[in-house]
Structure formats: C-alpha cells, structure tokens
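Participant: What follows is the file target-v2.txt, containing compact mmCIF, N, CA and C atoms:
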```txt
# COMPACT_ATOMS: atom_id res chain seq x y z
N VAL A 1400 37.60 -13.90 0.74
CA VAL A 1400 37.58 -15.09 1.58
C VAL A 1400 36.13 -15.36 1.99
N VAL A 1401 35.72 -16.63 1.86
CA VAL A 1401 34.35 -17.01 2.17
C VAL A 1401 34.37 -18.20 3.13
N SER A 1402 33.19 -18.66 3.53
CA SER A 1402 33.13 -19.81 4.43
C SER A 1402 33.63 -21.05 3.72
N ALA A 1403 33.75 -22.13 4.42
CA ALA A 1403 34.30 -23.37 3.89
C ALA A 1403 33.53 -23.86 2.68
N VAL A 1404 34.25 -24.47 1.75
CA VAL A 1404 33.64 -25.05 0.56
C VAL A 1404 33.06 -26.41 0.93
N ASP A 1405 31.80 -26.61 0.58
CA ASP A 1405 31.15 -27.89 0.83
C ASP A 1405 31.22 -28.80 -0.39
N SER A 1406 30.95 -28.24 -1.57
CA SER A 1406 30.97 -29.04 -2.80
C SER A 1406 30.98 -28.11 -4.01
N PHE A 1407 31.08 -28.76 -5.18
CA PHE A 1407 31.02 -28.04 -6.45
C PHE A 1407 29.80 -28.52 -7.20
N ASP A 1408 29.11 -27.60 -7.85
CA ASP A 1408 27.92 -27.94 -8.63
C ASP A 1408 27.98 -27.16 -9.93
N GLN A 1409 28.51 -27.78 -10.97
CA GLN A 1409 28.74 -27.16 -12.27
C GLN A 1409 29.54 -25.89 -12.10
N ASP A 1410 29.01 -24.73 -12.42
CA ASP A 1410 29.77 -23.48 -12.31
C ASP A 1410 29.67 -22.84 -10.94
N ASN A 1411 28.96 -23.47 -10.02
CA ASN A 1411 28.77 -22.91 -8.68
C ASN A 1411 29.62 -23.63 -7.65
N VAL A 1412 29.97 -22.89 -6.63
CA VAL A 1412 30.63 -23.46 -5.46
C VAL A 1412 29.62 -23.38 -4.32
N VAL A 1413 29.33 -24.52 -3.72
CA VAL A 1413 28.39 -24.57 -2.61
C VAL A 1413 29.20 -24.44 -1.32
N LEU A 1414 28.87 -23.44 -0.53
CA LEU A 1414 29.59 -23.19 0.72
C LEU A 1414 28.92 -23.92 1.89
N ALA A 1415 29.66 -24.05 2.97
CA ALA A 1415 29.17 -24.78 4.14
C ALA A 1415 27.91 -24.16 4.71
N ASP A 1416 27.73 -22.86 4.53
CA ASP A 1416 26.52 -22.20 5.06
C ASP A 1416 25.33 -22.33 4.11
N GLY A 1417 25.50 -23.07 3.00
CA GLY A 1417 24.41 -23.29 2.05
C GLY A 1417 24.36 -22.29 0.91
N SER A 1418 25.10 -21.23 1.02
CA SER A 1418 25.09 -20.24 -0.06
C SER A 1418 25.91 -20.76 -1.25
N ARG A 1419 25.67 -20.15 -2.40
CA ARG A 1419 26.36 -20.53 -3.63
C ARG A 1419 27.03 -19.30 -4.23
N ILE A 1420 28.22 -19.51 -4.74
CA ILE A 1420 28.93 -18.44 -5.41
C ILE A 1420 29.45 -18.97 -6.75
N SER A 1421 29.76 -18.06 -7.66
CA SER A 1421 30.32 -18.41 -8.97
C SER A 1421 31.60 -17.61 -9.17
N PRO A 1422 32.67 -18.00 -8.51
CA PRO A 1422 33.91 -17.22 -8.60
C PRO A 1422 34.62 -17.43 -9.94
N GLU A 1423 35.42 -16.45 -10.33
CA GLU A 1423 36.26 -16.62 -11.51
C GLU A 1423 37.36 -17.62 -11.22
N VAL A 1424 37.91 -17.56 -10.01
CA VAL A 1424 39.02 -18.43 -9.60
C VAL A 1424 38.77 -18.87 -8.16
N LEU A 1425 39.07 -20.12 -7.89
CA LEU A 1425 38.95 -20.66 -6.54
C LEU A 1425 40.23 -21.39 -6.21
N ILE A 1426 40.82 -21.09 -5.08
CA ILE A 1426 42.01 -21.79 -4.62
C ILE A 1426 41.63 -22.49 -3.32
N ALA A 1427 41.74 -23.80 -3.33
CA ALA A 1427 41.40 -24.59 -2.14
C ALA A 1427 42.66 -25.27 -1.63
N ALA A 1428 43.02 -25.00 -0.41
CA ALA A 1428 44.17 -25.65 0.22
C ALA A 1428 43.63 -26.73 1.15
N THR A 1429 43.92 -27.98 0.80
CA THR A 1429 43.34 -29.09 1.55
C THR A 1429 44.21 -29.57 2.70
N GLY A 1430 45.43 -29.08 2.82
CA GLY A 1430 46.29 -29.48 3.92
C GLY A 1430 47.01 -30.78 3.66
N TYR A 1431 47.36 -31.47 4.72
CA TYR A 1431 48.18 -32.67 4.59
C TYR A 1431 47.39 -33.89 4.14
N ARG A 1432 46.10 -33.87 4.32
CA ARG A 1432 45.25 -34.97 3.84
C ARG A 1432 44.52 -34.48 2.61
N ARG A 1433 44.47 -35.34 1.60
CA ARG A 1433 43.83 -34.91 0.35
C ARG A 1433 42.37 -34.54 0.58
N GLY A 1434 41.56 -35.46 1.00
CA GLY A 1434 40.15 -35.18 1.24
C GLY A 1434 39.41 -34.64 0.03
N LEU A 1435 39.84 -35.03 -1.16
CA LEU A 1435 39.24 -34.49 -2.37
C LEU A 1435 37.97 -35.21 -2.80
N GLU A 1436 37.77 -36.43 -2.32
CA GLU A 1436 36.63 -37.22 -2.77
C GLU A 1436 35.30 -36.50 -2.57
N GLU A 1437 35.11 -35.92 -1.41
CA GLU A 1437 33.85 -35.22 -1.12
C GLU A 1437 33.69 -33.97 -1.98
N LEU A 1438 34.79 -33.29 -2.26
CA LEU A 1438 34.72 -32.04 -3.03
C LEU A 1438 34.57 -32.27 -4.53
N VAL A 1439 35.41 -33.13 -5.09
CA VAL A 1439 35.45 -33.26 -6.55
C VAL A 1439 35.35 -34.70 -7.05
N GLY A 1440 35.11 -35.64 -6.16
CA GLY A 1440 35.03 -37.05 -6.56
C GLY A 1440 34.00 -37.31 -7.64
N HIS A 1441 32.90 -36.61 -7.60
CA HIS A 1441 31.82 -36.81 -8.58
C HIS A 1441 32.15 -36.24 -9.96
N LEU A 1442 33.26 -35.53 -10.09
CA LEU A 1442 33.63 -34.93 -11.37
C LEU A 1442 34.49 -35.85 -12.24
N GLY A 1443 34.87 -37.01 -11.71
CA GLY A 1443 35.69 -37.94 -12.49
C GLY A 1443 37.13 -37.48 -12.68
N VAL A 1444 37.66 -36.72 -11.75
CA VAL A 1444 39.02 -36.20 -11.88
C VAL A 1444 40.01 -36.89 -10.95
N LEU A 1445 39.55 -37.91 -10.22
CA LEU A 1445 40.42 -38.61 -9.26
C LEU A 1445 40.63 -40.06 -9.69
N ASP A 1446 41.80 -40.61 -9.34
CA ASP A 1446 42.03 -42.02 -9.60
C ASP A 1446 41.41 -42.85 -8.48
N ASP A 1447 41.61 -44.16 -8.51
CA ASP A 1447 40.98 -45.04 -7.53
C ASP A 1447 41.52 -44.88 -6.12
N ARG A 1448 42.63 -44.15 -5.97
CA ARG A 1448 43.19 -43.88 -4.64
C ARG A 1448 42.87 -42.46 -4.15
N GLY A 1449 42.06 -41.73 -4.93
CA GLY A 1449 41.68 -40.38 -4.54
C GLY A 1449 42.66 -39.30 -4.93
N ARG A 1450 43.61 -39.64 -5.78
CA ARG A 1450 44.59 -38.65 -6.24
C ARG A 1450 44.13 -38.03 -7.55
N PRO A 1451 44.43 -36.76 -7.78
CA PRO A 1451 44.02 -36.10 -9.01
C PRO A 1451 44.63 -36.75 -10.24
N LEU A 1452 43.84 -36.91 -11.29
CA LEU A 1452 44.35 -37.42 -12.56
C LEU A 1452 45.15 -36.35 -13.30
N PRO A 1453 44.62 -35.11 -13.43
CA PRO A 1453 45.43 -34.07 -14.07
C PRO A 1453 46.39 -33.46 -13.05
N HIS A 1454 47.43 -32.81 -13.56
CA HIS A 1454 48.42 -32.18 -12.68
C HIS A 1454 48.89 -30.88 -13.32
N GLY A 1455 49.12 -29.87 -12.48
CA GLY A 1455 49.64 -28.60 -12.97
C GLY A 1455 48.64 -27.88 -13.85
N ARG A 1456 49.09 -27.42 -15.00
CA ARG A 1456 48.20 -26.64 -15.86
C ARG A 1456 47.26 -27.51 -16.68
N ARG A 1457 47.48 -28.83 -16.68
CA ARG A 1457 46.58 -29.72 -17.43
C ARG A 1457 45.25 -29.86 -16.70
N THR A 1458 44.19 -30.00 -17.46
CA THR A 1458 42.86 -30.25 -16.90
C THR A 1458 42.21 -31.36 -17.72
N LEU A 1459 41.08 -31.84 -17.27
CA LEU A 1459 40.32 -32.83 -18.01
C LEU A 1459 39.13 -32.15 -18.69
N LYS A 1460 38.67 -32.72 -19.79
CA LYS A 1460 37.52 -32.15 -20.49
C LYS A 1460 36.28 -32.14 -19.61
N SER A 1461 36.20 -33.09 -18.68
CA SER A 1461 35.03 -33.16 -17.79
C SER A 1461 35.05 -32.06 -16.74
N ALA A 1462 36.20 -31.42 -16.52
CA ALA A 1462 36.31 -30.34 -15.52
C ALA A 1462 37.33 -29.31 -15.98
N PRO A 1463 37.01 -28.59 -17.06
CA PRO A 1463 37.95 -27.59 -17.56
C PRO A 1463 38.17 -26.49 -16.52
N GLY A 1464 39.42 -26.08 -16.39
CA GLY A 1464 39.75 -25.02 -15.44
C GLY A 1464 40.01 -25.51 -14.03
N LEU A 1465 39.91 -26.82 -13.80
CA LEU A 1465 40.19 -27.36 -12.47
C LEU A 1465 41.63 -27.87 -12.45
N HIS A 1466 42.48 -27.21 -11.69
CA HIS A 1466 43.91 -27.52 -11.64
C HIS A 1466 44.29 -28.08 -10.27
N PHE A 1467 45.28 -28.95 -10.26
CA PHE A 1467 45.79 -29.52 -9.01
C PHE A 1467 47.31 -29.37 -8.97
N THR A 1468 47.83 -29.07 -7.81
CA THR A 1468 49.28 -29.07 -7.60
C THR A 1468 49.57 -29.56 -6.19
N GLY A 1469 50.76 -30.11 -6.01
CA GLY A 1469 51.17 -30.57 -4.69
C GLY A 1469 50.78 -32.00 -4.37
N TYR A 1470 50.34 -32.75 -5.36
CA TYR A 1470 49.92 -34.13 -5.12
C TYR A 1470 50.91 -35.15 -5.64
N THR A 1471 52.10 -34.67 -6.00
CA THR A 1471 53.18 -35.57 -6.39
C THR A 1471 54.38 -35.26 -5.50
N ASN A 1472 55.32 -36.16 -5.46
CA ASN A 1472 56.53 -35.95 -4.67
C ASN A 1472 57.75 -36.24 -5.55
N PRO A 1473 58.07 -35.31 -6.45
CA PRO A 1473 59.18 -35.54 -7.38
C PRO A 1473 60.53 -35.47 -6.68
N ILE A 1474 61.52 -36.07 -7.28
CA ILE A 1474 62.86 -36.08 -6.71
C ILE A 1474 63.43 -34.67 -6.59
N SER A 1475 62.97 -33.76 -7.45
CA SER A 1475 63.46 -32.38 -7.42
C SER A 1475 62.90 -31.59 -6.24
N GLY A 1476 61.91 -32.14 -5.56
CA GLY A 1476 61.34 -31.47 -4.38
C GLY A 1476 59.94 -30.95 -4.62
N MET A 1477 59.07 -31.21 -3.68
CA MET A 1477 57.67 -30.84 -3.83
C MET A 1477 57.47 -29.33 -3.89
N LEU A 1478 58.11 -28.59 -3.00
CA LEU A 1478 57.91 -27.14 -2.97
C LEU A 1478 58.39 -26.48 -4.26
N ARG A 1479 59.52 -26.95 -4.80
CA ARG A 1479 60.02 -26.41 -6.06
C ARG A 1479 59.00 -26.66 -7.17
N GLU A 1480 58.50 -27.86 -7.26
CA GLU A 1480 57.54 -28.20 -8.31
C GLU A 1480 56.22 -27.44 -8.14
N MET A 1481 55.79 -27.25 -6.90
CA MET A 1481 54.56 -26.49 -6.66
C MET A 1481 54.72 -25.05 -7.13
N ALA A 1482 55.90 -24.47 -6.91
CA ALA A 1482 56.16 -23.10 -7.36
C ALA A 1482 56.12 -23.01 -8.88
N ILE A 1483 56.71 -24.00 -9.55
CA ILE A 1483 56.69 -24.03 -11.01
C ILE A 1483 55.26 -24.20 -11.50
N ASP A 1484 54.54 -25.16 -10.91
CA ASP A 1484 53.13 -25.38 -11.28
C ASP A 1484 52.29 -24.13 -11.07
N ALA A 1485 52.50 -23.46 -9.94
CA ALA A 1485 51.69 -22.27 -9.62
C ALA A 1485 51.84 -21.21 -10.71
N ARG A 1486 53.06 -21.00 -11.18
CA ARG A 1486 53.26 -20.01 -12.24
C ARG A 1486 52.54 -20.43 -13.53
N LYS A 1487 52.66 -21.72 -13.88
CA LYS A 1487 52.02 -22.20 -15.10
C LYS A 1487 50.50 -22.13 -14.99
N ILE A 1488 49.98 -22.50 -13.84
CA ILE A 1488 48.53 -22.45 -13.62
C ILE A 1488 48.04 -21.01 -13.70
N ALA A 1489 48.76 -20.10 -13.05
CA ALA A 1489 48.36 -18.69 -13.06
C ALA A 1489 48.35 -18.14 -14.49
N LYS A 1490 49.34 -18.49 -15.30
CA LYS A 1490 49.37 -18.04 -16.69
C LYS A 1490 48.19 -18.60 -17.48
N THR A 1491 47.89 -19.87 -17.24
CA THR A 1491 46.76 -20.50 -17.92
C THR A 1491 45.45 -19.83 -17.54
N ILE A 1492 45.27 -19.56 -16.26
CA ILE A 1492 44.04 -18.89 -15.79
C ILE A 1492 43.96 -17.49 -16.37
N ALA A 1493 45.07 -16.78 -16.38
CA ALA A 1493 45.08 -15.42 -16.93
C ALA A 1493 44.68 -15.40 -18.40
N ARG A 1494 45.15 -16.39 -19.16
CA ARG A 1494 44.79 -16.47 -20.58
C ARG A 1494 43.31 -16.79 -20.78
N THR A 1495 42.76 -17.63 -19.92
CA THR A 1495 41.37 -18.05 -20.13
C THR A 1495 40.36 -17.06 -19.56
N THR A 1496 40.76 -16.20 -18.65
CA THR A 1496 39.82 -15.24 -18.05
C THR A 1496 39.97 -13.84 -18.63
N ALA A 1497 40.97 -13.65 -19.48
CA ALA A 1497 41.22 -12.30 -20.04
C ALA A 1497 40.20 -11.94 -21.09
```
Kindly present the structure from the file in structure tokens form.

Facilitator:
Amino acid sequence: VVSAVDSFDQDNVVLADGSRISPEVLIAATGYRRGLEELVGHLGVLDDRGRPLPHGRRTLKSAPGLHFTGYTNPISGMLREMAIDARKIAKTIARTTA
C-alpha cells in the first residue's frame, strides 16, 4: 500500500508525494464517482462522458494492461459482473506477468 495515486506516466505511477513507482499490478478503487479523467484521461481510454472504453479483461493498444470493472450496470447485477470480471482480469494479468 502506497500514498494516493496522482497520475500515470508511461510505465510509472506518480504518487501524491511526488515519488514514482513501477508496480507489476495496480488496483485503484475510485469509489462512487469515477474521477478517471485526471488519472487516465490523457491515455485515450475514456469516452466523451469519462467512462472507460474497454471493459473487463479487454484493453486498448494505447494502454495495454489497463483494465476497468464496475463501470456498467447490467441487468444481471453489478456486483455479480464485477466478480466475473475480477476473475477474468486476474487470469489475464497472471498470464502476462508469468
């Protein structure tokens, strides 16, 4: 666990205290408000409303390895879908970092 994430800069994560880290995996929980524009808006991964373009295990070529979950509200239920996404994302990360 580290201080708050301020931004992303290629393979580095810039923390609120100014330090930079290069983690293998980063999980950011943004809460009830997306607030993604400041963090990843410059990566071209958001639509015009600030919602992630990729979902679940899918990523964009401009930001490989950047996954989003919990930004849809399917009829089957958000928590159920997040659990399914989490498993798929974890498997994808495990394959790419092994």

Participant: Show me a table, sorted first by chain and then by increasing residue number, of the residues of region 1463-1484 of chain A having an atom at most 9 Å from region 1440-1458 of chain A, each with its shortest atom pair and the distance in Å to one decimal, counting only C-alpha atoms and written as JSON lines.

Facilitator:
```
{"residue": "A:Pro1463", "atom": "CA", "partner": "A:Thr1458", "partner_atom": "CA", "distance": 5.6}
{"residue": "A:Gly1464", "atom": "CA", "partner": "A:Thr1458", "partner_atom": "CA", "distance": 6.3}
{"residue": "A:Leu1465", "atom": "CA", "partner": "A:Thr1458", "partner_atom": "CA", "distance": 5.9}
{"residue": "A:His1466", "atom": "CA", "partner": "A:Gly1455", "partner_atom": "CA", "distance": 6.0}
{"residue": "A:Phe1467", "atom": "CA", "partner": "A:His1454", "partner_atom": "CA", "distance": 5.2}
{"residue": "A:Thr1468", "atom": "CA", "partner": "A:Gly1455", "partner_atom": "CA", "distance": 5.4}
{"residue": "A:Gly1469", "atom": "CA", "partner": "A:His1454", "partner_atom": "CA", "distance": 8.6}
{"residue": "A:Tyr1470", "atom": "CA", "partner": "A:Arg1450", "partner_atom": "CA", "distance": 7.1}
{"residue": "A:Thr1471", "atom": "CA", "partner": "A:His1454", "partner_atom": "CA", "distance": 8.6}
{"residue": "A:Met1481", "atom": "CA", "partner": "A:Gly1455", "partner_atom": "CA", "distance": 8.3}
{"residue": "A:Ile1483", "atom": "CA", "partner": "A:Gly1455", "partner_atom": "CA", "distance": 8.6}
{"residue": "A:Asp1484", "atom": "CA", "partner": "A:Gly1455", "partner_atom": "CA", "distance": 5.0}
```

Participant: Would you kindly return, as a PyMOL selection string, each protein, DNA or RNA residue with an atom no farther than 9 Å from any atom of region 1411-1425 of chain A, considering only C-alpha atoms and excluding same-chain residues fewer than 6 positions away?

Facilitator: chain A and resi 1401-1405+1464+1492+1496

Participant: Measure the distance from atom C of Ala1462 (chain A) to atom C of Arg1433 (chain A) in Å and round it to one decimal.

Facilitator: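 If I compute the distance from atom C of Ala1462 (chain A) to atom C of Arg1433 (chain A), I get 18.1 Å.
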
Participant: Between CA of Ala1489 (chain A) and atom N of Leu1459 (chain A), measure the distance and give it in Å to one decimal.

Facilitator: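 Calculated distance between CA of Ala1489 (chain A) and atom N of Leu1459 (chain A) is 15.6 Å.
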
Participant: Give the answer as one residue: which of A:Ala1493, A:Leu1438, A:Ile1488, A:Ile1474 has the shortest atom-to-atom distance to Ser1406 (chain A), using all atoms listed in the file?

Facilitator: A:Leu1438

Participant: Can you take the partial region 1448-1472 of chain A, add N, CA, C and O atoms, and return it as a compact mmCIF listing (two decimals), keeping the file's coordinate frame?

Facilitator:
```txt
# COMPACT_ATOMS: atom_id res chain seq x y z
N ARG A 1448 42.63 -44.15 -5.97
CA ARG A 1448 43.19 -43.88 -4.64
C ARG A 1448 42.87 -42.46 -4.15
O ARG A 1448 43.37 -42.03 -3.12
N GLY A 1449 42.06 -41.73 -4.93
CA GLY A 1449 41.68 -40.38 -4.54
C GLY A 1449 42.66 -39.30 -4.93
O GLY A 1449 42.56 -38.17 -4.47
N ARG A 1450 43.61 -39.64 -5.78
CA ARG A 1450 44.59 -38.65 -6.24
C ARG A 1450 44.13 -38.03 -7.55
O ARG A 1450 43.52 -38.71 -8.38
N PRO A 1451 44.43 -36.76 -7.78
CA PRO A 1451 44.02 -36.10 -9.01
C PRO A 1451 44.63 -36.75 -10.24
O PRO A 1451 45.82 -37.10 -10.24
N LEU A 1452 43.84 -36.91 -11.29
CA LEU A 1452 44.35 -37.42 -12.56
C LEU A 1452 45.15 -36.35 -13.30
O LEU A 1452 46.24 -36.62 -13.77
N PRO A 1453 44.62 -35.11 -13.43
CA PRO A 1453 45.43 -34.07 -14.07
C PRO A 1453 46.39 -33.46 -13.05
O PRO A 1453 46.20 -33.59 -11.83
N HIS A 1454 47.43 -32.81 -13.56
CA HIS A 1454 48.42 -32.18 -12.68
C HIS A 1454 48.89 -30.88 -13.32
O HIS A 1454 49.05 -30.81 -14.53
N GLY A 1455 49.12 -29.87 -12.48
CA GLY A 1455 49.64 -28.60 -12.97
C GLY A 1455 48.64 -27.88 -13.85
O GLY A 1455 47.47 -27.77 -13.52
N ARG A 1456 49.09 -27.42 -15.00
CA ARG A 1456 48.20 -26.64 -15.86
C ARG A 1456 47.26 -27.51 -16.68
O ARG A 1456 46.33 -27.01 -17.29
N ARG A 1457 47.48 -28.83 -16.68
CA ARG A 1457 46.58 -29.72 -17.43
C ARG A 1457 45.25 -29.86 -16.70
O ARG A 1457 45.20 -29.85 -15.47
N THR A 1458 44.19 -30.00 -17.46
CA THR A 1458 42.86 -30.25 -16.90
C THR A 1458 42.21 -31.36 -17.72
O THR A 1458 42.73 -31.77 -18.76
N LEU A 1459 41.08 -31.84 -17.27
CA LEU A 1459 40.32 -32.83 -18.01
C LEU A 1459 39.13 -32.15 -18.69
O LEU A 1459 38.62 -31.14 -18.19
N LYS A 1460 38.67 -32.72 -19.79
CA LYS A 1460 37.52 -32.15 -20.49
C LYS A 1460 36.28 -32.14 -19.61
O LYS A 1460 35.44 -31.26 -19.74
N SER A 1461 36.20 -33.09 -18.68
CA SER A 1461 35.03 -33.16 -17.79
C SER A 1461 35.05 -32.06 -16.74
O SER A 1461 34.02 -31.78 -16.11
N ALA A 1462 36.20 -31.42 -16.52
CA ALA A 1462 36.31 -30.34 -15.52
C ALA A 1462 37.33 -29.31 -15.98
O ALA A 1462 38.39 -29.15 -15.39
N PRO A 1463 37.01 -28.59 -17.06
CA PRO A 1463 37.95 -27.59 -17.56
C PRO A 1463 38.17 -26.49 -16.52
O PRO A 1463 37.26 -26.08 -15.83
N GLY A 1464 39.42 -26.08 -16.39
CA GLY A 1464 39.75 -25.02 -15.44
C GLY A 1464 40.01 -25.51 -14.03
O GLY A 1464 40.32 -24.70 -13.16
N LEU A 1465 39.91 -26.82 -13.80
CA LEU A 1465 40.19 -27.36 -12.47
C LEU A 1465 41.63 -27.87 -12.45
O LEU A 1465 41.97 -28.83 -13.15
N HIS A 1466 42.48 -27.21 -11.69
CA HIS A 1466 43.91 -27.52 -11.64
C HIS A 1466 44.29 -28.08 -10.27
O HIS A 1466 43.71 -27.68 -9.25
N PHE A 1467 45.28 -28.95 -10.26
CA PHE A 1467 45.79 -29.52 -9.01
C PHE A 1467 47.31 -29.37 -8.97
O PHE A 1467 47.98 -29.56 -9.98
N THR A 1468 47.83 -29.07 -7.81
CA THR A 1468 49.28 -29.07 -7.60
C THR A 1468 49.57 -29.56 -6.19
O THR A 1468 48.72 -29.45 -5.30
N GLY A 1469 50.76 -30.11 -6.01
CA GLY A 1469 51.17 -30.57 -4.69
C GLY A 1469 50.78 -32.00 -4.37
O GLY A 1469 50.90 -32.43 -3.23
N TYR A 1470 50.34 -32.75 -5.36
CA TYR A 1470 49.92 -34.13 -5.12
C TYR A 1470 50.91 -35.15 -5.64
O TYR A 1470 50.61 -36.32 -5.77
N THR A 1471 52.10 -34.67 -6.00
CA THR A 1471 53.18 -35.57 -6.39
C THR A 1471 54.38 -35.26 -5.50
O THR A 1471 54.44 -34.21 -4.86
N ASN A 1472 55.32 -36.16 -5.46
CA ASN A 1472 56.53 -35.95 -4.67
C ASN A 1472 57.75 -36.24 -5.55
O ASN A 1472 58.37 -37.29 -5.42
```
